[in-house]
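File shown here: query.cif, holding mmCIF, C-alpha atoms and all ligand atoms.
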data_target
#
loop_
_atom_site.label_atom_id
_atom_site.label_comp_id
_atom_site.auth_asym_id
_atom_site.auth_seq_id
_atom_site.Cartn_x
_atom_site.Cartn_y
_atom_site.Cartn_z
CA MET A 742 23.47 0.09 39.17
CA LYS A 743 23.42 3.23 37.04
CA GLU A 744 26.87 4.17 35.80
CA ARG A 745 28.25 7.41 37.18
CA LYS A 746 30.33 9.82 35.17
CA LEU A 747 33.26 11.07 37.19
CA ALA A 748 34.73 14.52 36.67
CA ASP A 749 36.78 15.16 33.52
CA ARG A 750 39.62 16.49 35.62
CA LEU A 751 40.32 12.94 36.78
CA SER A 752 41.39 11.98 33.26
CA THR A 753 44.90 13.34 33.89
CA MET A 754 44.97 12.63 37.60
CA ASN A 755 47.04 9.75 38.84
CA GLU A 756 48.68 8.99 42.14
CA SER A 757 52.09 10.63 42.41
CA ALA A 758 54.70 8.32 40.81
CA THR A 759 56.88 8.48 43.91
CA LEU A 760 54.04 7.37 46.19
CA ALA A 761 53.12 4.52 43.80
CA LEU A 762 56.73 3.37 43.71
CA ASN A 763 56.95 3.48 47.48
CA ALA A 764 53.93 1.15 47.62
CA ARG A 765 55.72 -1.35 45.29
CA VAL A 766 58.85 -1.14 47.44
CA LYS A 767 56.84 -1.87 50.59
CA GLN A 768 55.12 -4.81 48.88
CA LEU A 769 58.50 -6.31 47.86
CA ALA A 770 59.83 -5.85 51.40
CA ALA A 771 56.69 -7.52 52.83
CA GLU A 772 57.34 -10.48 50.49
CA GLY A 773 60.80 -10.85 52.03
CA THR A 774 62.95 -9.18 49.33
CA GLN A 775 65.81 -7.09 50.69
CA VAL A 776 65.00 -3.59 49.49
CA PHE A 777 67.22 -0.49 49.42
CA ASN A 778 64.76 2.34 49.14
CA LEU A 779 66.38 5.45 47.68
CA THR A 780 63.08 7.02 46.57
CA ALA A 781 62.07 8.97 49.68
CA GLY A 782 61.41 12.69 49.53
CA GLU A 783 62.08 13.22 53.22
CA LEU A 784 64.76 13.01 55.88
CA ALA A 785 64.81 9.80 57.89
CA ASP A 786 65.30 11.64 61.23
CA ASP A 787 62.62 11.27 63.89
CA THR A 788 60.87 14.41 65.17
CA PRO A 789 63.14 15.83 67.91
CA GLU A 790 62.04 15.24 71.54
CA TYR A 791 61.81 18.99 72.28
CA ILE A 792 59.16 19.34 69.56
CA LYS A 793 57.21 16.29 70.72
CA SER A 794 57.15 17.43 74.34
CA TYR A 795 56.29 21.04 73.41
CA VAL A 796 53.26 19.74 71.50
CA SER A 797 52.19 17.09 74.01
CA ASP A 798 52.14 19.70 76.80
CA LYS A 799 49.61 21.72 74.82
CA LEU A 800 47.01 19.18 73.76
CA HIS A 801 44.36 21.28 75.51
CA LEU A 802 44.74 23.74 72.61
CA ASN A 803 42.44 21.94 70.21
CA LYS A 804 39.97 24.40 68.67
CA TYR A 805 39.92 26.18 65.31
CA THR A 806 42.67 28.77 64.97
CA PRO A 807 42.52 31.80 62.65
CA VAL A 808 42.54 30.40 59.08
CA ALA A 809 45.94 31.95 58.32
CA GLY A 810 47.51 30.43 61.44
CA VAL A 811 48.12 31.51 65.04
CA SER A 812 49.53 35.02 65.20
CA GLU A 813 52.67 34.00 67.11
CA LEU A 814 53.67 31.60 64.32
CA ARG A 815 52.89 34.09 61.54
CA THR A 816 54.97 36.70 63.36
CA ARG A 817 57.93 34.36 63.79
CA ILE A 818 57.83 33.27 60.17
CA ALA A 819 57.57 36.89 59.00
CA ASP A 820 60.52 37.98 61.20
CA MET A 821 62.66 35.09 60.03
CA ALA A 822 61.78 35.61 56.35
CA GLN A 823 62.27 39.38 56.52
CA LYS A 824 65.82 38.84 57.80
CA TYR A 825 66.64 35.85 55.60
CA TYR A 826 65.53 37.49 52.33
CA GLY A 827 66.27 41.09 53.36
CA LEU A 828 62.72 42.03 52.25
CA ALA A 829 61.27 44.76 54.47
CA TRP A 830 57.70 44.30 53.11
CA ILE A 831 57.32 40.87 54.77
CA LYS A 832 55.05 41.37 57.80
CA PRO A 833 52.88 38.84 59.73
CA ASP A 834 49.90 39.79 57.51
CA ASN A 835 51.88 38.57 54.50
CA VAL A 836 52.09 35.02 55.91
CA LEU A 837 49.51 32.26 55.47
CA VAL A 838 50.25 29.03 57.35
CA THR A 839 49.03 25.89 55.53
CA ALA A 840 48.92 22.12 55.98
CA GLY A 841 52.22 21.57 54.15
CA ALA A 842 53.73 23.35 51.16
CA LYS A 843 51.34 21.63 48.72
CA PRO A 844 48.22 23.56 49.82
CA ALA A 845 50.36 26.73 49.81
CA LEU A 846 51.18 26.09 46.14
CA TYR A 847 47.63 25.10 45.28
CA ALA A 848 46.14 28.20 46.93
CA SER A 849 48.68 30.36 45.04
CA PHE A 850 47.68 28.86 41.68
CA LEU A 851 43.97 29.13 42.50
CA ALA A 852 44.38 32.75 43.49
CA LEU A 853 46.40 33.73 40.41
CA ILE A 854 45.17 31.64 37.49
CA ASP A 855 42.08 32.06 35.32
CA PRO A 856 41.13 29.21 32.95
CA GLY A 857 43.69 28.97 30.15
CA ASP A 858 46.33 31.14 31.83
CA GLU A 859 49.84 29.83 31.41
CA VAL A 860 52.45 28.98 34.02
CA ILE A 861 56.04 28.43 32.91
CA VAL A 862 57.70 25.49 34.66
CA PRO A 863 61.42 24.89 34.08
CA ILE A 864 62.05 21.14 33.73
CA PRO A 865 63.07 18.68 35.11
CA ALA A 866 60.63 19.56 37.88
CA TRP A 867 58.89 18.10 40.90
CA VAL A 868 55.96 15.80 40.05
CA SER A 869 53.10 17.79 41.54
CA TYR A 870 53.51 21.22 39.92
CA ASN A 871 51.78 20.20 36.69
CA LYS A 872 48.84 18.60 38.47
CA LEU A 873 48.33 21.57 40.79
CA ILE A 874 48.44 24.06 37.92
CA GLU A 875 46.05 21.98 35.80
CA LEU A 876 43.64 21.49 38.72
CA ALA A 877 43.56 25.28 39.04
CA GLY A 878 42.58 25.51 35.34
CA GLY A 879 45.99 26.66 34.13
CA LYS A 880 48.14 25.49 31.26
CA VAL A 881 51.65 24.24 32.01
CA VAL A 882 54.39 25.51 29.70
CA GLU A 883 57.49 23.39 30.23
CA VAL A 884 60.83 25.02 29.42
CA PRO A 885 64.01 22.94 29.80
CA LEU A 886 66.73 24.13 32.16
CA ASP A 887 70.19 24.45 30.60
CA GLU A 888 72.76 21.62 30.71
CA ASN A 889 73.85 22.66 34.25
CA TYR A 890 70.22 22.82 35.41
CA ASP A 891 70.46 26.60 35.52
CA LEU A 892 67.69 28.82 34.15
CA ASP A 893 67.71 29.27 30.39
CA THR A 894 66.45 32.85 30.50
CA ALA A 895 66.43 33.24 26.71
CA ALA A 896 64.21 30.15 26.35
CA ILE A 897 61.92 31.38 29.14
CA ALA A 898 61.64 34.81 27.46
CA GLU A 899 60.67 33.09 24.19
CA HIS A 900 57.84 31.22 25.91
CA ILE A 901 56.27 34.29 27.52
CA THR A 902 52.89 35.12 25.95
CA PRO A 903 50.07 37.51 26.94
CA LYS A 904 48.59 34.54 28.82
CA THR A 905 51.67 33.97 31.01
CA LYS A 906 50.56 34.52 34.59
CA ALA A 907 53.41 33.03 36.57
CA ILE A 908 56.79 31.31 36.46
CA LEU A 909 57.43 28.55 38.95
CA LEU A 910 60.99 28.49 40.30
CA ASN A 911 62.49 25.95 42.71
CA SER A 912 66.02 26.35 44.08
CA PRO A 913 67.56 24.07 45.29
CA GLN A 914 65.62 21.88 42.93
CA ASN A 915 63.82 18.62 43.28
CA PRO A 916 64.87 16.35 41.49
CA THR A 917 68.36 17.62 40.55
CA GLY A 918 69.68 19.19 43.76
CA ALA A 919 70.95 22.05 41.59
CA ILE A 920 70.59 25.76 42.36
CA TYR A 921 70.06 28.65 39.94
CA SER A 922 72.97 31.05 39.50
CA LYS A 923 72.62 34.65 40.68
CA ALA A 924 73.43 35.81 37.13
CA SER A 925 70.54 33.85 35.58
CA LEU A 926 68.12 35.09 38.25
CA ILE A 927 69.14 38.71 37.67
CA LYS A 928 68.70 38.21 33.92
CA LEU A 929 65.22 36.80 34.49
CA ALA A 930 64.32 39.72 36.77
CA ASP A 931 65.38 42.05 33.92
CA VAL A 932 63.23 40.12 31.43
CA LEU A 933 60.21 40.40 33.74
CA ALA A 934 60.70 44.06 34.75
CA GLY A 935 57.54 46.05 34.05
CA THR A 936 55.40 42.96 33.43
CA ASN A 937 52.69 41.62 35.72
CA ILE A 938 54.11 38.08 35.73
CA THR A 939 54.45 36.56 39.20
CA ILE A 940 57.41 34.46 40.29
CA ILE A 941 56.28 31.60 42.52
CA SER A 942 59.41 30.57 44.36
CA ASP A 943 59.28 27.14 45.97
CA ASP A 944 62.00 27.52 48.63
CA ILE A 945 61.24 24.34 50.54
CA TYR A 946 64.88 23.11 50.22
CA SER A 947 66.54 26.49 50.69
CA LYS A 948 68.00 25.63 54.11
CA LEU A 949 69.49 22.31 52.95
CA LEU A 950 72.66 23.57 51.27
CA TYR A 951 76.19 22.30 50.57
CA THR A 952 77.49 25.57 49.12
CA ASP A 953 78.16 29.15 50.23
CA THR A 954 77.15 30.66 46.91
CA PHE A 955 73.38 30.22 47.06
CA THR A 956 71.17 33.12 45.97
CA PRO A 957 67.57 32.79 47.19
CA VAL A 958 65.23 33.49 44.27
CA PRO A 959 63.20 36.25 46.03
CA THR A 960 66.31 38.37 46.72
CA VAL A 961 67.14 39.53 43.19
CA GLY A 962 64.41 42.14 42.75
CA PHE A 963 61.43 40.37 41.12
CA GLU A 964 58.49 42.79 41.24
CA HIS A 965 55.82 40.16 41.97
CA VAL A 966 56.94 37.26 44.09
CA VAL A 967 55.20 34.55 46.09
CA ILE A 968 57.37 32.52 48.46
CA ILE A 969 56.44 28.93 49.27
CA SER A 970 58.17 27.11 52.08
CA GLY A 971 57.62 24.97 55.14
CA PHE A 972 59.02 22.67 57.74
CA SER A 973 58.75 19.33 55.91
CA LYS A 974 62.20 19.04 54.42
CA SER A 975 64.60 21.03 56.59
CA GLN A 976 63.03 20.09 59.94
CA ALA A 977 62.05 16.51 59.00
CA LEU A 978 58.41 17.32 59.83
CA THR A 979 56.81 15.86 56.66
CA GLY A 980 54.08 13.91 58.46
CA TRP A 981 53.04 16.91 60.52
CA ARG A 982 51.90 18.69 57.33
CA ILE A 983 52.99 22.24 57.99
CA GLY A 984 54.06 24.87 55.46
CA TYR A 985 53.42 28.49 54.55
CA VAL A 986 53.15 31.03 51.78
CA ILE A 987 54.40 34.61 51.86
CA ALA A 988 52.87 37.11 49.42
CA ASP A 989 51.44 40.61 49.10
CA SER A 990 48.37 41.25 51.22
CA ALA A 991 45.84 41.12 48.34
CA LEU A 992 47.01 37.63 47.40
CA ILE A 993 47.15 36.47 51.02
CA LYS A 994 43.60 37.72 51.52
CA GLY A 995 42.42 35.79 48.44
CA MET A 996 44.28 32.62 49.43
CA THR A 997 43.00 32.83 53.00
CA GLY A 998 39.47 32.92 51.58
CA ILE A 999 40.21 29.81 49.49
CA ILE A 1000 41.77 27.93 52.41
CA SER A 1001 38.90 28.98 54.72
CA HIS A 1002 36.40 27.16 52.48
CA THR A 1003 38.56 24.15 51.62
CA MET A 1004 41.25 22.92 54.00
CA GLY A 1005 40.74 25.25 56.96
CA ASN A 1006 43.53 26.10 59.37
CA ALA A 1007 46.61 23.86 59.60
CA ALA A 1008 46.20 21.38 62.47
CA VAL A 1009 46.93 22.92 65.86
CA PRO A 1010 49.60 20.37 66.95
CA SER A 1011 51.40 20.98 63.66
CA GLN A 1012 51.36 24.75 64.12
CA LEU A 1013 52.76 24.17 67.63
CA ALA A 1014 55.45 21.84 66.24
CA ALA A 1015 56.47 24.58 63.79
CA LEU A 1016 56.54 27.12 66.59
CA ALA A 1017 58.77 24.85 68.69
CA ALA A 1018 61.08 24.27 65.71
CA MET A 1019 61.36 28.03 65.17
CA GLU A 1020 61.94 28.83 68.83
CA LYS A 1021 64.90 26.50 68.94
CA ASN A 1022 66.32 27.03 65.52
CA ASP A 1023 64.90 27.74 62.11
CA THR A 1024 67.59 25.92 60.16
CA PRO A 1025 68.23 22.18 60.03
CA PRO A 1026 70.49 20.95 62.84
CA GLN A 1027 74.19 21.14 61.91
CA GLU A 1028 74.42 17.42 62.63
CA THR A 1029 71.81 16.69 59.92
CA LEU A 1030 73.71 18.76 57.36
CA GLU A 1031 77.00 17.04 58.24
CA LYS A 1032 75.38 13.61 57.82
CA LEU A 1033 73.93 14.61 54.45
CA LYS A 1034 77.29 15.99 53.30
CA ALA A 1035 78.99 12.71 54.20
CA ARG A 1036 76.32 10.73 52.32
CA ARG A 1037 76.65 12.98 49.30
CA ALA A 1038 80.39 12.18 49.36
CA LEU A 1039 79.58 8.46 49.62
CA VAL A 1040 77.45 8.62 46.46
CA LEU A 1041 80.27 10.43 44.66
CA LYS A 1042 82.79 7.82 45.81
CA TYR A 1043 80.75 4.99 44.29
CA LEU A 1044 79.23 6.60 41.21
CA HIS A 1045 82.00 8.93 40.02
CA GLY A 1046 83.71 7.69 36.90
CA ILE A 1047 81.23 4.99 35.89
CA LYS A 1048 81.28 4.86 32.10
CA GLY A 1049 78.11 6.25 30.54
CA LEU A 1050 76.73 7.63 33.80
CA ASN A 1051 76.55 11.40 34.24
CA PHE A 1052 75.18 13.57 37.00
CA HIS A 1053 75.33 17.05 38.48
CA ILE A 1054 76.81 17.25 41.99
CA PRO A 1055 73.92 18.62 44.07
CA GLU A 1056 74.44 21.97 45.82
CA GLY A 1057 71.31 21.47 47.93
CA ALA A 1058 68.33 19.24 48.82
CA PHE A 1059 69.13 15.51 49.11
CA TYR A 1060 68.92 14.15 45.57
CA PHE A 1061 71.23 13.08 42.76
CA PHE A 1062 69.62 13.06 39.32
CA LEU A 1063 71.37 10.34 37.34
CA ASP A 1064 71.64 10.85 33.58
CA LEU A 1065 71.18 7.36 32.13
CA ARG A 1066 70.70 8.41 28.51
CA LYS A 1067 73.94 6.72 27.42
CA ILE A 1068 72.80 3.53 29.18
CA THR A 1069 69.09 3.27 28.41
CA LYS A 1070 66.31 4.97 26.47
CA ASP A 1071 63.64 3.77 28.87
CA SER A 1072 64.43 4.73 32.44
CA THR A 1073 61.11 3.41 33.79
CA THR A 1074 61.85 -0.15 32.63
CA TRP A 1075 65.49 0.29 33.70
CA CYS A 1076 64.42 1.28 37.23
CA GLU A 1077 61.96 -1.62 37.39
CA THR A 1078 64.69 -4.10 36.39
CA LEU A 1079 67.10 -2.51 38.87
CA LEU A 1080 64.52 -2.97 41.63
CA GLU A 1081 63.65 -6.57 40.72
CA LYS A 1082 67.32 -7.65 40.29
CA THR A 1083 69.08 -5.75 43.07
CA GLY A 1084 66.40 -4.44 45.42
CA VAL A 1085 67.57 -0.86 44.81
CA ALA A 1086 64.70 1.56 44.28
CA LEU A 1087 65.15 4.86 42.39
CA VAL A 1088 62.47 7.14 40.92
CA PRO A 1089 62.46 7.12 37.09
CA GLY A 1090 62.97 10.52 35.43
CA GLU A 1091 59.60 10.23 33.64
CA ALA A 1092 58.08 11.38 36.94
CA PHE A 1093 59.93 14.69 36.55
CA ALA A 1094 59.37 15.24 32.80
CA ALA A 1095 62.88 13.87 32.18
CA PRO A 1096 62.88 10.43 30.56
CA GLY A 1097 66.32 8.81 30.55
CA PHE A 1098 67.09 9.90 34.11
CA ALA A 1099 66.55 8.51 37.63
CA ARG A 1100 66.43 10.25 41.01
CA LEU A 1101 68.47 8.88 43.91
CA THR A 1102 67.78 10.18 47.45
CA PHE A 1103 70.73 10.09 49.87
CA VAL A 1104 68.97 10.27 53.22
CA THR A 1105 69.20 6.62 54.24
CA ASP A 1106 71.70 5.43 56.85
CA ASP A 1107 75.31 4.97 55.67
CA LYS A 1108 75.24 1.17 55.67
CA THR A 1109 72.06 0.87 53.58
CA LEU A 1110 73.24 3.60 51.24
CA GLU A 1111 76.65 1.98 50.74
CA ASN A 1112 75.08 -1.41 50.11
CA ALA A 1113 72.67 0.13 47.61
CA LEU A 1114 75.45 1.99 45.83
CA MET A 1115 77.54 -1.17 45.46
CA ARG A 1116 74.56 -2.97 43.92
CA LEU A 1117 73.70 -0.05 41.68
CA LYS A 1118 77.30 0.19 40.45
CA ALA A 1119 77.45 -3.54 39.74
CA PHE A 1120 74.10 -3.39 37.91
CA ILE A 1121 75.23 -0.52 35.65
N1 LIG B 1 57.90 21.37 46.83
C1 LIG B 1 58.84 20.47 46.50
C2 LIG B 1 59.88 20.85 45.51
C3 LIG B 1 58.83 19.19 47.07
O1 LIG B 1 59.80 18.31 46.74
C4 LIG B 1 57.81 18.86 47.99
C5 LIG B 1 57.71 17.52 48.58
O2 LIG B 1 58.19 16.53 48.07
C6 LIG B 1 56.86 19.83 48.30
C7 LIG B 1 56.92 21.07 47.70
C8 LIG B 1 55.72 19.53 49.24
O3 LIG B 1 56.03 19.74 50.56
P1 LIG B 1 54.98 19.38 51.71
O4 LIG B 1 55.23 17.96 52.07
O5 LIG B 1 55.31 20.32 52.83
O6 LIG B 1 53.61 19.59 51.18
#

Output the file's structure as structure tokens, nothing else.
Amino acid sequence: MKERKLADRLSTMNESATLALNARVKQLAAEGTQVFNLTAGELADDTPEYIKSYVSDKLHLNKYTPVAGVSELRTRIADMAQKYYGLAWIKPDNVLVTAGAKPALYASFLALIDPGDEVIVPIPAWVSYNKLIELAGGKVVEVPLDENYDLDTAAIAEHITPKTKAILLNSPQNPTGAIYSKASLIKLADVLAGTNITIISDDIYSKLLYTDTFTPVPTVGFEHVVIISGFSKSQALTGWRIGYVIADSALIKGMTGIISHTMGNAAVPSQLAALAAMEKNDTPPQETLEKLKARRALVLKYLHGIKGLNFHIPEGAFYFFLDLRKITKDSTTWCETLLEKTGVALVPGEAFAAPGFARLTFVTDDKTLENALMRLKAFI
């Protein structure tokens, strides 16, 4: 058979490290090993009954919808976002509903980036940003966050070039659970004043908070801002694949064109699920937040004070990012040994451009989490 040459873009494309690790965890469990999986990027909660029944009553709605989503959903998202951010310009026409936040990010990069344009990404950062930017032909410019995982505005300013098209911000962050301070955001807005650089604000965790002092990125006066969000994390709707992007109408028009030729409208049942979630409540249930708070406290109880182990106490999302640099130089091997010896699975920091760290998710039930923490503590 004649050998095929696959596209060059595959040379840097690999399966997301978290998904690959999850496969290894499942394999170990299938072989009978007791596994404590703290790698998930999603809440464990089932989809609430009111969402399931709302959707199942409407299965006759099964044709294409407008590419940008059904108007009722776009209107609800726009109303909610206008109030939440205090941004009067957000109208239904500024909302594009997508099949999860990933296509929302991808469409944003495709609509903004020409080949060779640069996007600044503060690190540590979520695994997929780099791939999405590179797939869109952009160049990733990684700039470390400061020691508290706040924005280092001076370092960002130093990395701005005539090719800088966008800066990707994510607060609360995956993988650290940290939020940016209002002061650093205001400083960055000052740095960017009068430029045409766009802030892409990934707000997917912005409703999962353990603090009263959170400043949403889009509220501090950036001139060009794109808001990415969705229902995956706060409403535990990951498998439904439903997210959205909010931007000025020129960008939304461009992105809608891109989505119309690639992914098409988000699946109808998923748009309905989002509508049901918004009708009832657009924040995570209080009960979910209370459970997460208690689990965050459980992690602190077990991991606080361990010699050589450092971490930031997360203000949002559901992750601890463990600083293992005093314990190991190679967090990938360390995580592999931890998994083989104790059954506890964490995601190595290499996946987030942060070797020497590991991400721990605290969404699992109390008993599993406590068991895992005891094993982790003993292993360290
Ligand atoms: N943004 C961040 C920071 C994430 O952690 C994730 C999922 O892990 C996403 C976006 C993607 O969300 P979705 O599953 O809705 O595509």

task: Would you mind reading off the distance between CA of Arg982 in chain A and atom P1 of ligand LIG 1 (chain B), one decimal, in Å?
output: 6.4 Å

field: Straight-line distance linking CA of Lys1042 in chain A with CA of Lys1118 in chain A, stated in Å to one decimal
entry: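 Going from CA of Lys1042 in chain A over to CA of Lys1118 in chain A covers 10.8 Å.
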
Nearby residues, ligand LIG 1 (chain B), 8 Å, all atoms listed in the file, as number ranges by chain: A: 782-783, 840-846, 866-867, 869, 911, 914-916, 943-946, 970-974, 979-980, 982-984

field: Straight-line distance linking CA of Pro865 in chain A with CA of Leu1080 in chain A, stated in Å to one decimal
entry: 22.7 Å

message: Which residue is closest to Thr816 in chain A? Choose from A:Ile831, A:Ala852, A:Val868, A:Val1085 and count all atoms listed in the file.
response: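 Nearest to Thr816 in chain A: A:Ile831.
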
statement: Using only C-alpha atoms, the residue out of A:Ile874, A:Val1009, A:Leu828, A:Leu1033 with shortest distance to Val961 in chain A is A:Leu828

Long-range neighbours of Val881 in chain A as an NGL selection string, 7 Å cut-off, only C-alpha atoms, 5 positions minimum in chain: :A and (859-862 or 871 or 874)

task: Taking (54.7, 32.2, 65.5) in the file's own coordinates, collect the residues within 12 Å, counting all atoms listed in the file, and hand them back as a PyMOL selection string.
output: chain A and resi 809-821+832-833+836-838+985+1011-1020+1023

- request: Go through A:Thr1029, A:Thr1102, A:Thr1073, A:Thr1083 and flag the residue nearest Asp787 in chain A, using all atoms listed in the file for the distances.
  value: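 When distances to Asp787 in chain A are compared using all atoms listed in the file, the smallest one comes from A:Thr1029.
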
- prompt: Using all atoms listed in the file, which of A:Ala1119, A:Thr839, A:Ala848, A:Leu876 sits nearest Leu751 in chain A?
  reply: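 Checking each candidate against Leu751 in chain A, we get A:Leu876 as the closest.
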
Shell of 10 Å around range 899-901 of chain A, all atoms listed in the file, local chain residues under 5 positions omitted, as a compact mmCIF listing (two decimals) with C-alpha atoms, in the frame of the given file:
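Final output, saved to out-v9.txt:
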# COMPACT_ATOMS: atom_id res chain seq x y z
CA GLU A 859 49.84 29.83 31.41
CA VAL A 860 52.45 28.98 34.02
CA ILE A 861 56.04 28.43 32.91
CA VAL A 882 54.39 25.51 29.70
CA GLU A 883 57.49 23.39 30.23
CA VAL A 884 60.83 25.02 29.42
CA THR A 894 66.45 32.85 30.50
CA LYS A 906 50.56 34.52 34.59
CA ALA A 907 53.41 33.03 36.57
CA ILE A 908 56.79 31.31 36.46
CA VAL A 932 63.23 40.12 31.43
CA LEU A 933 60.21 40.40 33.74
CA ILE A 938 54.11 38.08 35.73

message: Under the rule that only C-alpha atoms are counted, which of A:Lys928, A:Lys743, A:Lys923, A:Arg765 is the nearest residue to Thr954 in chain A?
response: A:Lys923

query: Between A:Leu769, A:Ile968, A:Leu779, A:Val808, which is the closest to Ala1099 in chain A once you count only C-alpha atoms?
result: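 Smallest separation from Ala1099 in chain A among the options: A:Leu779.
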
Please produce, as a Markdown table, a per-residue contact table for range 899-1012 of chain A versus range 1048-1061 of chain A (criterion: any atom at most 8 Å away, all atoms listed in the file considered), showing the nearest atom pair and its distance in Å to one decimal, sorted by chain then residue number.
| residue | atom | partner | partner_atom | distance |
| --- | --- | --- | --- | --- |
| A:Pro913 | CA | A:Gly1057 | CA | 5.3 |
| A:Gln914 | CA | A:Ala1058 | CA | 7.0 |
| A:Asn915 | CA | A:Tyr1060 | CA | 7.2 |
| A:Pro916 | CA | A:Tyr1060 | CA | 6.2 |
| A:Thr917 | CA | A:Phe1061 | CA | 5.8 |
| A:Gly918 | CA | A:Pro1055 | CA | 4.3 |
| A:Ala919 | CA | A:Pro1055 | CA | 5.2 |
| A:Ile920 | CA | A:Glu1056 | CA | 6.4 |
| A:Tyr946 | CA | A:Ala1058 | CA | 5.4 |
| A:Ser947 | CA | A:Gly1057 | CA | 7.5 |
| A:Leu949 | CA | A:Ala1058 | CA | 5.3 |
| A:Leu950 | CA | A:Gly1057 | CA | 4.2 |
| A:Tyr951 | CA | A:Glu1056 | CA | 5.1 |
| A:Thr952 | CA | A:Glu1056 | CA | 5.8 |

Save the residues we just selected, C-alpha atoms, as a compact mmCIF listing (two decimals), in the coordinates of the input?
# COMPACT_ATOMS: atom_id res chain seq x y z
CA PRO A 913 67.56 24.07 45.29
CA GLN A 914 65.62 21.88 42.93
CA ASN A 915 63.82 18.62 43.28
CA PRO A 916 64.87 16.35 41.49
CA THR A 917 68.36 17.62 40.55
CA GLY A 918 69.68 19.19 43.76
CA ALA A 919 70.95 22.05 41.59
CA ILE A 920 70.59 25.76 42.36
CA TYR A 946 64.88 23.11 50.22
CA SER A 947 66.54 26.49 50.69
CA LEU A 949 69.49 22.31 52.95
CA LEU A 950 72.66 23.57 51.27
CA TYR A 951 76.19 22.30 50.57
CA THR A 952 77.49 25.57 49.12

Box in all listed atoms of range 1034-1050 of chain A, axis-aligned, with 8 Å more on each side; write out centre and edge lengths in Å to one decimal as AutoDock Vina command-line options.
--center_x 80.0 --center_y 10.4 --center_z 42.4 --size_x 23.4 --size_y 27.1 --size_z 39.7

message: Quick one: residues within 12 Å of Ala1035 in chain A, all atoms listed in the file, excluding same-chain residues fewer than 2 positions away - as a list in words?
response: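 Skipping anything fewer than 2 positions along the chain leaves Tyr951, Glu1028, Thr1029, Leu1030, Glu1031, Lys1032, Leu1033, Arg1037, Ala1038, Leu1039, Val1040, Leu1041, Lys1042, Phe1059, Phe1103, Val1104, Thr1105, Asp1106, Asp1107, Leu1110 and Glu1111 of chain A.
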
message: Counting all atoms listed in the file, which residues have an atom no more than 12 Å from (61.7, 11.5, 64.3) in the file's coordinates? Please list them as a ChimeraX atom specification.
response: /A:783-793,973,976-981
